[in-house]
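my_file.cif (mmCIF, C-alpha atoms and all ligand atoms) appears below.
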```cif
data_work
#
loop_
_atom_site.group_PDB
_atom_site.id
_atom_site.type_symbol
_atom_site.label_atom_id
_atom_site.label_comp_id
_atom_site.auth_asym_id
_atom_site.auth_seq_id
_atom_site.Cartn_x
_atom_site.Cartn_y
_atom_site.Cartn_z
ATOM 1 C CA MET Y 10 0.000 0.000 0.000
ATOM 2 C CA THR Y 11 1.132 3.533 -0.653
ATOM 3 C CA ALA Y 12 -0.490 6.020 1.666
ATOM 4 C CA GLN Y 13 -2.289 9.059 0.338
ATOM 5 C CA ARG Y 14 -0.954 12.379 1.552
ATOM 6 C CA ILE Y 15 -3.028 14.820 3.534
ATOM 7 C CA ASP Y 16 -1.809 18.110 2.110
ATOM 8 C CA GLY Y 17 -1.698 20.620 4.964
ATOM 9 C CA LEU Y 18 -0.520 23.397 2.671
ATOM 10 C CA ALA Y 19 -3.494 23.080 0.333
ATOM 11 C CA LEU Y 20 -6.006 22.691 3.160
ATOM 12 C CA SER Y 21 -4.554 25.639 5.078
ATOM 13 C CA ALA Y 22 -4.733 27.776 1.921
ATOM 14 C CA GLN Y 23 -8.472 27.018 1.640
ATOM 15 C CA ILE Y 24 -9.033 27.916 5.283
ATOM 16 C CA ARG Y 25 -7.008 31.103 4.950
ATOM 17 C CA GLN Y 26 -9.068 32.162 1.965
ATOM 18 C CA GLN Y 27 -12.266 31.773 4.010
ATOM 19 C CA VAL Y 28 -10.676 33.685 6.883
ATOM 20 C CA ALA Y 29 -9.654 36.484 4.491
ATOM 21 C CA GLN Y 30 -13.229 36.900 3.263
ATOM 22 C CA ARG Y 31 -14.643 37.058 6.766
ATOM 23 C CA ALA Y 32 -11.841 39.361 7.939
ATOM 24 C CA GLN Y 33 -12.725 41.719 5.111
ATOM 25 C CA ALA Y 34 -16.340 41.770 6.279
ATOM 26 C CA CYS Y 35 -15.177 42.631 9.805
ATOM 27 C CA ALA Y 36 -12.955 45.417 8.474
ATOM 28 C CA ALA Y 37 -15.802 46.776 6.339
ATOM 29 C CA ALA Y 38 -17.954 46.885 9.485
ATOM 30 C CA GLY Y 39 -15.266 48.996 11.151
ATOM 31 C CA HIS Y 40 -13.554 46.419 13.322
ATOM 32 C CA PRO Y 41 -10.653 44.639 11.610
ATOM 33 C CA PRO Y 42 -9.485 41.567 13.525
ATOM 34 C CA GLY Y 43 -6.337 42.298 15.532
ATOM 35 C CA LEU Y 44 -3.738 39.883 16.879
ATOM 36 C CA ALA Y 45 -0.970 40.844 19.309
ATOM 37 C CA VAL Y 46 2.089 38.605 19.231
ATOM 38 C CA ILE Y 47 4.598 38.861 22.062
ATOM 39 C CA LEU Y 48 8.093 37.470 21.587
ATOM 40 C CA VAL Y 49 10.566 37.566 24.465
ATOM 41 C CA GLY Y 50 14.229 36.737 23.905
ATOM 42 C CA ASP Y 51 16.049 35.485 20.837
ATOM 43 C CA ASN Y 52 15.132 31.803 20.468
ATOM 44 C CA PRO Y 53 15.774 31.252 16.734
ATOM 45 C CA ALA Y 54 12.931 28.741 16.257
ATOM 46 C CA SER Y 55 10.478 31.111 17.981
ATOM 47 C CA GLN Y 56 11.604 33.921 15.686
ATOM 48 C CA VAL Y 57 10.791 31.800 12.634
ATOM 49 C CA TYR Y 58 7.394 30.729 14.018
ATOM 50 C CA VAL Y 59 6.477 34.299 14.899
ATOM 51 C CA ARG Y 60 7.555 35.612 11.509
ATOM 52 C CA ASN Y 61 5.356 33.006 9.809
ATOM 53 C CA LYS Y 62 2.373 33.922 11.989
ATOM 54 C CA ILE Y 63 2.757 37.644 11.238
ATOM 55 C CA LYS Y 64 3.111 36.935 7.516
ATOM 56 C CA ALA Y 65 -0.054 34.802 7.556
ATOM 57 C CA CYS Y 66 -1.930 37.654 9.265
ATOM 58 C CA GLU Y 67 -0.785 40.091 6.583
ATOM 59 C CA GLN Y 68 -1.949 37.726 3.840
ATOM 60 C CA THR Y 69 -5.421 37.335 5.340
ATOM 61 C CA GLY Y 70 -6.198 40.897 6.356
ATOM 62 C CA ILE Y 71 -5.726 40.385 10.076
ATOM 63 C CA ARG Y 72 -3.989 43.336 11.712
ATOM 64 C CA SER Y 73 -1.011 42.050 13.671
ATOM 65 C CA VAL Y 74 1.003 43.860 16.302
ATOM 66 C CA LEU Y 75 4.393 42.354 17.110
ATOM 67 C CA GLU Y 76 5.873 43.236 20.494
ATOM 68 C CA GLN Y 77 9.464 42.061 20.767
ATOM 69 C CA TYR Y 78 11.423 42.202 24.014
ATOM 70 C CA GLY Y 79 14.910 41.247 25.138
ATOM 71 C CA ALA Y 80 15.500 38.125 27.230
ATOM 72 C CA ASP Y 81 15.955 40.348 30.297
ATOM 73 C CA LEU Y 82 12.343 41.587 30.267
ATOM 74 C CA GLU Y 83 10.908 41.428 33.779
ATOM 75 C CA GLU Y 84 7.870 39.302 34.450
ATOM 76 C CA ASP Y 85 5.934 42.251 35.882
ATOM 77 C CA ALA Y 86 6.556 44.311 32.756
ATOM 78 C CA LEU Y 87 5.214 41.470 30.617
ATOM 79 C CA LEU Y 88 2.132 41.123 32.837
ATOM 80 C CA GLN Y 89 1.511 44.861 32.478
ATOM 81 C CA ARG Y 90 1.681 44.619 28.692
ATOM 82 C CA ILE Y 91 -0.826 41.777 28.735
ATOM 83 C CA ALA Y 92 -3.165 43.802 30.948
ATOM 84 C CA ALA Y 93 -2.986 46.673 28.448
ATOM 85 C CA LEU Y 94 -3.708 44.345 25.511
ATOM 86 C CA ASN Y 95 -6.597 42.745 27.435
ATOM 87 C CA ALA Y 96 -8.137 46.219 27.707
ATOM 88 C CA ASP Y 97 -7.499 47.168 24.061
ATOM 89 C CA PRO Y 98 -10.743 46.792 22.046
ATOM 90 C CA GLY Y 99 -8.778 46.637 18.764
ATOM 91 C CA ILE Y 100 -6.966 43.487 19.894
ATOM 92 C CA HIS Y 101 -8.969 40.247 19.653
ATOM 93 C CA GLY Y 102 -6.173 37.741 20.158
ATOM 94 C CA ILE Y 103 -3.075 37.715 22.371
ATOM 95 C CA LEU Y 104 -0.318 35.207 21.702
ATOM 96 C CA VAL Y 105 2.752 34.918 23.886
ATOM 97 C CA GLN Y 106 5.279 32.801 22.025
ATOM 98 C CA LEU Y 107 6.701 29.966 24.136
ATOM 99 C CA PRO Y 108 9.171 29.126 25.516
ATOM 100 C CA LEU Y 109 9.720 32.173 27.728
ATOM 101 C CA PRO Y 110 13.055 32.890 29.446
ATOM 102 C CA ARG Y 111 13.443 30.849 32.610
ATOM 103 C CA HIS Y 112 12.980 33.749 35.052
ATOM 104 C CA ILE Y 113 9.433 34.298 33.755
ATOM 105 C CA ASP Y 114 6.645 32.010 35.009
ATOM 106 C CA ALA Y 115 4.912 30.949 31.777
ATOM 107 C CA HIS Y 116 1.820 29.698 33.630
ATOM 108 C CA LYS Y 117 1.365 33.037 35.346
ATOM 109 C CA VAL Y 118 1.732 34.846 32.016
ATOM 110 C CA ILE Y 119 -0.775 32.635 30.199
ATOM 111 C CA GLU Y 120 -3.274 32.948 33.045
ATOM 112 C CA ALA Y 121 -2.989 36.742 32.757
ATOM 113 C CA ILE Y 122 -4.440 36.652 29.234
ATOM 114 C CA ASP Y 123 -8.170 37.401 29.044
ATOM 115 C CA PRO Y 124 -9.694 34.001 28.107
ATOM 116 C CA THR Y 125 -11.844 35.755 25.479
ATOM 117 C CA LYS Y 126 -8.557 36.684 23.724
ATOM 118 C CA ASP Y 127 -6.713 33.412 24.361
ATOM 119 C CA VAL Y 128 -6.414 32.418 20.693
ATOM 120 C CA ASP Y 129 -3.668 29.885 21.502
ATOM 121 C CA GLY Y 130 -6.140 28.045 23.748
ATOM 122 C CA PHE Y 131 -3.534 27.620 26.504
ATOM 123 C CA HIS Y 132 -5.392 29.335 29.393
ATOM 124 C CA VAL Y 133 -6.804 26.975 32.061
ATOM 125 C CA ALA Y 134 -10.252 28.348 31.227
ATOM 126 C CA SER Y 135 -9.802 27.238 27.596
ATOM 127 C CA ALA Y 136 -8.389 23.871 28.663
ATOM 128 C CA GLY Y 137 -11.285 23.414 31.098
ATOM 129 C CA ALA Y 138 -13.847 24.337 28.456
ATOM 130 C CA LEU Y 139 -12.379 21.731 26.113
ATOM 131 C CA MET Y 140 -12.420 19.162 28.919
ATOM 132 C CA VAL Y 141 -16.130 19.620 29.671
ATOM 133 C CA GLY Y 142 -17.290 20.330 26.112
ATOM 134 C CA GLN Y 143 -18.069 24.024 26.555
ATOM 135 C CA PRO Y 144 -17.293 26.663 23.908
ATOM 136 C CA GLY Y 145 -13.766 28.061 24.121
ATOM 137 C CA PHE Y 146 -10.614 28.457 22.072
ATOM 138 C CA LYS Y 147 -9.036 25.187 21.003
ATOM 139 C CA PRO Y 148 -5.225 24.893 20.835
ATOM 140 C CA CYS Y 149 -4.274 25.474 17.218
ATOM 141 C CA THR Y 150 -2.150 22.387 16.504
ATOM 142 C CA PRO Y 151 -4.618 19.688 17.607
ATOM 143 C CA TYR Y 152 -7.471 21.768 16.156
ATOM 144 C CA GLY Y 153 -5.630 21.724 12.818
ATOM 145 C CA CYS Y 154 -5.145 17.962 13.087
ATOM 146 C CA MET Y 155 -8.900 17.509 13.547
ATOM 147 C CA LYS Y 156 -9.514 19.608 10.417
ATOM 148 C CA MET Y 157 -7.120 17.333 8.519
ATOM 149 C CA LEU Y 158 -9.131 14.295 9.625
ATOM 150 C CA GLU Y 159 -12.349 16.013 8.558
ATOM 151 C CA SER Y 160 -10.787 16.783 5.175
ATOM 152 C CA ILE Y 161 -10.573 13.053 4.447
ATOM 153 C CA GLY Y 162 -14.155 12.443 5.556
ATOM 154 C CA LEU Y 163 -13.459 11.501 9.168
ATOM 155 C CA HIS Y 164 -15.986 13.543 11.141
ATOM 156 C CA ASP Y 165 -17.424 11.020 13.561
ATOM 157 C CA LEU Y 166 -14.765 8.644 14.901
ATOM 158 C CA ARG Y 167 -17.226 6.252 16.570
ATOM 159 C CA GLY Y 168 -15.753 2.747 16.573
ATOM 160 C CA LYS Y 169 -12.251 3.993 15.731
ATOM 161 C CA SER Y 170 -9.221 3.573 17.905
ATOM 162 C CA ALA Y 171 -6.995 6.668 18.219
ATOM 163 C CA VAL Y 172 -3.551 6.663 19.778
ATOM 164 C CA VAL Y 173 -1.812 9.936 20.643
ATOM 165 C CA VAL Y 174 1.910 9.604 21.335
ATOM 166 C CA GLY Y 175 2.905 12.545 23.545
ATOM 167 C CA ARG Y 176 1.162 14.175 26.504
ATOM 168 C CA SER Y 177 2.046 17.864 26.323
ATOM 169 C CA ASN Y 178 -0.455 20.526 27.364
ATOM 170 C CA ILE Y 179 -0.112 22.140 23.938
ATOM 171 C CA VAL Y 180 -0.668 19.079 21.733
ATOM 172 C CA GLY Y 181 -1.007 15.609 23.279
ATOM 173 C CA LYS Y 182 -3.612 16.240 25.980
ATOM 174 C CA PRO Y 183 -5.914 18.555 23.974
ATOM 175 C CA MET Y 184 -5.538 16.270 20.934
ATOM 176 C CA ALA Y 185 -6.790 13.325 22.984
ATOM 177 C CA LEU Y 186 -9.771 15.358 24.236
ATOM 178 C CA MET Y 187 -10.730 16.467 20.721
ATOM 179 C CA LEU Y 188 -10.525 12.890 19.418
ATOM 180 C CA LEU Y 189 -12.655 11.786 22.366
ATOM 181 C CA ALA Y 190 -15.205 14.517 21.642
ATOM 182 C CA ALA Y 191 -15.399 13.078 18.100
ATOM 183 C CA ASN Y 192 -16.266 9.689 19.687
ATOM 184 C CA ALA Y 193 -12.922 7.912 19.129
ATOM 185 C CA THR Y 194 -11.649 5.392 21.666
ATOM 186 C CA VAL Y 195 -8.505 7.198 22.776
ATOM 187 C CA THR Y 196 -5.192 6.075 24.235
ATOM 188 C CA ILE Y 197 -2.426 8.471 25.252
ATOM 189 C CA ALA Y 198 1.029 6.908 25.016
ATOM 190 C CA HIS Y 199 4.186 8.529 26.394
ATOM 191 C CA SER Y 200 7.726 7.880 27.548
ATOM 192 C CA GLY Y 201 6.419 5.656 30.350
ATOM 193 C CA THR Y 202 4.408 3.412 28.019
ATOM 194 C CA SER Y 203 5.618 -0.160 27.692
ATOM 195 C CA ASP Y 204 5.563 -1.784 24.258
ATOM 196 C CA LEU Y 205 4.840 1.416 22.368
ATOM 197 C CA SER Y 206 4.840 -0.543 19.083
ATOM 198 C CA ALA Y 207 1.976 -2.773 20.180
ATOM 199 C CA VAL Y 208 -0.030 0.211 21.436
ATOM 200 C CA CYS Y 209 0.500 2.143 18.195
ATOM 201 C CA ARG Y 210 -0.417 -0.872 16.058
ATOM 202 C CA GLN Y 211 -3.932 -0.772 17.543
ATOM 203 C CA ALA Y 212 -4.518 2.685 16.129
ATOM 204 C CA ASP Y 213 -6.851 3.485 13.254
ATOM 205 C CA ILE Y 214 -5.681 7.060 13.828
ATOM 206 C CA LEU Y 215 -2.133 7.568 15.077
ATOM 207 C CA VAL Y 216 -0.934 11.027 16.129
ATOM 208 C CA ALA Y 217 2.781 11.451 16.840
ATOM 209 C CA ALA Y 218 3.622 14.505 18.934
ATOM 210 C CA VAL Y 219 6.863 13.757 20.734
ATOM 211 C CA GLY Y 220 9.675 15.587 18.936
ATOM 212 C CA ARG Y 221 11.867 12.620 18.072
ATOM 213 C CA GLU Y 222 12.961 11.863 14.532
ATOM 214 C CA ASN Y 223 11.870 8.435 13.200
ATOM 215 C CA LEU Y 224 10.097 7.481 16.435
ATOM 216 C CA ILE Y 225 7.247 5.918 14.452
ATOM 217 C CA THR Y 226 8.360 3.218 12.039
ATOM 218 C CA ALA Y 227 6.404 1.028 9.610
ATOM 219 C CA GLU Y 228 6.076 -1.953 11.954
ATOM 220 C CA MET Y 229 4.311 0.287 14.520
ATOM 221 C CA VAL Y 230 1.497 1.152 12.122
ATOM 222 C CA LYS Y 231 -1.698 -0.765 11.405
ATOM 223 C CA PRO Y 232 -2.229 -1.267 7.665
ATOM 224 C CA GLY Y 233 -4.516 1.465 6.332
ATOM 225 C CA ALA Y 234 -4.206 3.695 9.427
ATOM 226 C CA VAL Y 235 -4.279 7.480 9.301
ATOM 227 C CA VAL Y 236 -0.939 8.837 10.547
ATOM 228 C CA ILE Y 237 -0.689 12.475 11.647
ATOM 229 C CA ASP Y 238 2.848 13.723 12.240
ATOM 230 C CA VAL Y 239 3.082 16.715 14.585
ATOM 231 C CA GLY Y 240 6.859 16.449 15.015
ATOM 232 C CA MET Y 241 9.164 19.309 13.973
ATOM 233 C CA ASN Y 242 12.740 18.104 14.180
ATOM 234 C CA ARG Y 243 15.995 18.843 12.420
ATOM 235 C CA ASN Y 244 17.856 15.741 11.302
ATOM 236 C CA ALA Y 245 21.632 15.379 11.227
ATOM 237 C CA ALA Y 246 21.717 17.015 7.790
ATOM 238 C CA GLY Y 247 19.760 20.017 9.133
ATOM 239 C CA LYS Y 248 16.627 19.036 7.224
ATOM 240 C CA LEU Y 249 13.174 19.547 8.793
ATOM 241 C CA CYS Y 250 11.547 16.213 9.620
ATOM 242 C CA GLY Y 251 8.728 14.877 11.753
ATOM 243 C CA ASP Y 252 8.416 12.030 14.265
ATOM 244 C CA VAL Y 253 7.377 9.538 11.583
ATOM 245 C CA ASP Y 254 9.600 7.619 9.183
ATOM 246 C CA PHE Y 255 7.685 9.006 6.217
ATOM 247 C CA GLU Y 256 9.038 6.658 3.525
ATOM 248 C CA GLY Y 257 8.628 3.465 5.525
ATOM 249 C CA VAL Y 258 5.257 4.314 7.065
ATOM 250 C CA SER Y 259 3.887 5.386 3.666
ATOM 251 C CA GLU Y 260 4.140 1.732 2.627
ATOM 252 C CA VAL Y 261 1.730 0.685 5.386
ATOM 253 C CA ALA Y 262 -0.576 3.598 6.249
ATOM 254 C CA GLY Y 263 -3.719 4.601 4.361
ATOM 255 C CA TRP Y 264 -3.147 8.308 4.888
ATOM 256 C CA ILE Y 265 -0.144 10.287 6.109
ATOM 257 C CA THR Y 266 0.758 13.929 6.700
ATOM 258 C CA PRO Y 267 4.144 15.141 5.413
ATOM 259 C CA VAL Y 268 6.670 17.310 7.261
ATOM 260 C CA PRO Y 269 7.029 20.041 6.126
ATOM 261 C CA GLY Y 270 3.688 20.870 4.521
ATOM 262 C CA GLY Y 271 1.447 18.979 6.936
ATOM 263 C CA VAL Y 272 0.439 20.001 10.430
ATOM 264 C CA GLY Y 273 2.664 23.137 10.546
ATOM 265 C CA PRO Y 274 0.655 25.275 8.123
ATOM 266 C CA MET Y 275 -2.579 24.042 9.715
ATOM 267 C CA THR Y 276 -1.471 25.343 13.125
ATOM 268 C CA ILE Y 277 -1.123 28.826 11.686
ATOM 269 C CA ALA Y 278 -4.426 28.580 9.805
ATOM 270 C CA MET Y 279 -6.264 27.703 13.018
ATOM 271 C CA LEU Y 280 -4.638 30.632 14.826
ATOM 272 C CA LEU Y 281 -6.145 32.884 12.156
ATOM 273 C CA VAL Y 282 -9.527 31.165 12.565
ATOM 274 C CA ASN Y 283 -9.444 31.644 16.342
ATOM 275 C CA THR Y 284 -8.487 35.318 15.988
ATOM 276 C CA LEU Y 285 -11.210 35.955 13.439
ATOM 277 C CA GLU Y 286 -13.828 34.198 15.575
ATOM 278 C CA SER Y 287 -12.750 36.192 18.613
ATOM 279 C CA CYS Y 288 -13.312 39.387 16.615
ATOM 280 C CA GLU Y 289 -16.682 38.220 15.280
ATOM 281 C CA ARG Y 290 -17.782 37.307 18.805
ATOM 282 C CA ALA Y 291 -16.601 40.616 20.261
ATOM 283 C CA HIS Y 292 -18.664 42.567 17.745
ATOM 284 C CA ALA Y 293 -21.699 40.280 17.391
HETATM 285 N N1 LIG F 1 5.700 27.464 20.937
HETATM 286 C C1 LIG F 1 5.636 26.344 20.188
HETATM 287 N N2 LIG F 1 4.399 26.220 19.662
HETATM 288 C C2 LIG F 1 3.682 27.277 20.086
HETATM 289 C C3 LIG F 1 2.344 27.707 19.864
HETATM 290 O O1 LIG F 1 1.533 27.085 19.166
HETATM 291 N N3 LIG F 1 1.997 28.869 20.475
HETATM 292 C C4 LIG F 1 2.851 29.556 21.253
HETATM 293 N N4 LIG F 1 2.397 30.680 21.826
HETATM 294 N N5 LIG F 1 4.092 29.194 21.471
HETATM 295 C C5 LIG F 1 4.501 28.059 20.888
#
```
Take the structure I supplied and represent it as structure tokens, if you would.
Amino acid sequence: MTAQRIDGLALSAQIRQQVAQRAQACAAAGHPPGLAVILVGDNPASQVYVRNKIKACEQTGIRSVLEQYGADLEEDALLQRIAALNADPGIHGILVQLPLPRHIDAHKVIEAIDPTKDVDGFHVASAGALMVGQPGFKPCTPYGCMKMLESIGLHDLRGKSAVVVGRSNIVGKPMALMLLAANATVTIAHSGTSDLSAVCRQADILVAAVGRENLITAEMVKPGAVVIDVGMNRNAAGKLCGDVDFEGVSEVAGWITPVPGGVGPMTIAMLLVNTLESCERAHA
């Protein structure tokens, strides 16, 4: 079998086009969607991510405001900036790029964001809403993964087994909750899981979100499974790669997402969706 690709670039382009149309309607009504992006320090990966987010805003008619600070920014100063952005009616989304320098308590910073502007979906109020099935912002990466599943006709996952490898607050845990909400039977695997291969082989839907190159190999995949690769790693040659051995797993899986061009662009697309929806809600 040769797996079909789920093209995150093409799907994200469609979503961005819809966002652009709705953003234009907001602007015409006098309230263009606005996203504030806060970057502290000089982490090179964060700089690339932030640049891509700002560029995507520009392309879709979302007004973005980038606030960049040195690594020595004090926590109190950051909290004050967030308070000001919370109170700014022209700002509908606030994103603090992670990781933050070690002297800043990231939890405290995220909790300072008004949950109605928490377009990353990282606030405990957003996490709690997802947990109990109430409306709230969904974290962009797992939200994008769900859209990829929908794009291949997988809306209701009743009767399907889903395995999420990785238990981060940003991806693994919310991913598992979203799959559960879609009626999948969900397992979360992690570094403490014994016989990871056997667990993964049960999966009709396998999501890899660990950050380790070639963690998922062909013998860990059930024939015909859908494999979603959230990993973003650099291999020895400096090339961007995911957590999945793409060539090998493509021989076994039914569907697979590439890296690059898979989950990455979807994460950004869902950030735009969340920002737009925040604006629409604020002015409804
Ligand atoms: N760092 C890595 N991924 C993300 C993300 O999706 N949002 C934020 N704010 N920081 C990140």
Selection result of the PyMOL selection byres (((chain Y and resi 276) around 10) and not hetatm) on this file, as a compact mmCIF listing (two decimals) with C-alpha atoms, in the coordinates of the input:
```
# COMPACT_ATOMS: atom_id res chain seq x y z
CA GLY Y 17 -1.70 20.62 4.96
CA SER Y 21 -4.55 25.64 5.08
CA LYS Y 62 2.37 33.92 11.99
CA ASP Y 129 -3.67 29.88 21.50
CA PRO Y 148 -5.22 24.89 20.84
CA CYS Y 149 -4.27 25.47 17.22
CA THR Y 150 -2.15 22.39 16.50
CA PRO Y 151 -4.62 19.69 17.61
CA TYR Y 152 -7.47 21.77 16.16
CA GLY Y 153 -5.63 21.72 12.82
CA CYS Y 154 -5.14 17.96 13.09
CA VAL Y 239 3.08 16.72 14.58
CA GLY Y 271 1.45 18.98 6.94
CA VAL Y 272 0.44 20.00 10.43
CA GLY Y 273 2.66 23.14 10.55
CA PRO Y 274 0.66 25.28 8.12
CA MET Y 275 -2.58 24.04 9.72
CA ILE Y 277 -1.12 28.83 11.69
CA ALA Y 278 -4.43 28.58 9.80
CA MET Y 279 -6.26 27.70 13.02
CA LEU Y 280 -4.64 30.63 14.83
CA LEU Y 281 -6.14 32.88 12.16
CA VAL Y 282 -9.53 31.16 12.56
```
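If you look at atom CA of Ala34 of chain Y and atom CA of Thr69 of chain Y, they are 11.8 Å away from each other.
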Nearby residues, ligand LIG 1 (chain F), 9 Å, only C-alpha atoms and all ligand atoms, as number ranges by chain: Y: 46-48, 54-55, 58-59, 103-109, 129-131, 148-150, 179-180, 276-277, 280
Can you spell out as a ChimeraX atom specification the set of residues that the PyMOL selection byres (((chain Y and resi 249-264) around 9) and not hetatm) selects in the structure I just provided? /Y:10-15,161,217-244,246-248,265-269
Restricted to C-alpha atoms, what would the selected residues look like written as an mmCIF file, in the coordinates of the input?
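Below is the file result_29.cif, written as the result:
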```cif
data_model
loop_
_atom_site.group_PDB
_atom_site.id
_atom_site.type_symbol
_atom_site.label_atom_id
_atom_site.label_comp_id
_atom_site.auth_asym_id
_atom_site.auth_seq_id
_atom_site.Cartn_x
_atom_site.Cartn_y
_atom_site.Cartn_z
ATOM 1 C CA MET Y 10 0.000 0.000 0.000
ATOM 2 C CA THR Y 11 1.132 3.533 -0.653
ATOM 3 C CA ALA Y 12 -0.490 6.020 1.666
ATOM 4 C CA GLN Y 13 -2.289 9.059 0.338
ATOM 5 C CA ARG Y 14 -0.954 12.379 1.552
ATOM 6 C CA ILE Y 15 -3.028 14.820 3.534
ATOM 7 C CA ILE Y 161 -10.573 13.053 4.447
ATOM 8 C CA ALA Y 217 2.781 11.451 16.840
ATOM 9 C CA ALA Y 218 3.622 14.505 18.934
ATOM 10 C CA VAL Y 219 6.863 13.757 20.734
ATOM 11 C CA GLY Y 220 9.675 15.587 18.936
ATOM 12 C CA ARG Y 221 11.867 12.620 18.072
ATOM 13 C CA GLU Y 222 12.961 11.863 14.532
ATOM 14 C CA ASN Y 223 11.870 8.435 13.200
ATOM 15 C CA LEU Y 224 10.097 7.481 16.435
ATOM 16 C CA ILE Y 225 7.247 5.918 14.452
ATOM 17 C CA THR Y 226 8.360 3.218 12.039
ATOM 18 C CA ALA Y 227 6.404 1.028 9.610
ATOM 19 C CA GLU Y 228 6.076 -1.953 11.954
ATOM 20 C CA MET Y 229 4.311 0.287 14.520
ATOM 21 C CA VAL Y 230 1.497 1.152 12.122
ATOM 22 C CA LYS Y 231 -1.698 -0.765 11.405
ATOM 23 C CA PRO Y 232 -2.229 -1.267 7.665
ATOM 24 C CA GLY Y 233 -4.516 1.465 6.332
ATOM 25 C CA ALA Y 234 -4.206 3.695 9.427
ATOM 26 C CA VAL Y 235 -4.279 7.480 9.301
ATOM 27 C CA VAL Y 236 -0.939 8.837 10.547
ATOM 28 C CA ILE Y 237 -0.689 12.475 11.647
ATOM 29 C CA ASP Y 238 2.848 13.723 12.240
ATOM 30 C CA VAL Y 239 3.082 16.715 14.585
ATOM 31 C CA GLY Y 240 6.859 16.449 15.015
ATOM 32 C CA MET Y 241 9.164 19.309 13.973
ATOM 33 C CA ASN Y 242 12.740 18.104 14.180
ATOM 34 C CA ARG Y 243 15.995 18.843 12.420
ATOM 35 C CA ASN Y 244 17.856 15.741 11.302
ATOM 36 C CA ALA Y 246 21.717 17.015 7.790
ATOM 37 C CA GLY Y 247 19.760 20.017 9.133
ATOM 38 C CA LYS Y 248 16.627 19.036 7.224
ATOM 39 C CA ILE Y 265 -0.144 10.287 6.109
ATOM 40 C CA THR Y 266 0.758 13.929 6.700
ATOM 41 C CA PRO Y 267 4.144 15.141 5.413
ATOM 42 C CA VAL Y 268 6.670 17.310 7.261
ATOM 43 C CA PRO Y 269 7.029 20.041 6.126
#
```
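With the shown file loaded, the PyMOL selection byres (((chain Y and resi 75) around 7) and not hetatm) picks out Ala45, Val46, Ile47, Ser73, Val74, Glu76 and Gln77 of chain Y.
Residue nearest Glu289 of chain Y, chosen from Y:Ala86, Y:Ala36, Y:Met140, Y:Val49 and counting only C-alpha atoms: Y:Ala36.
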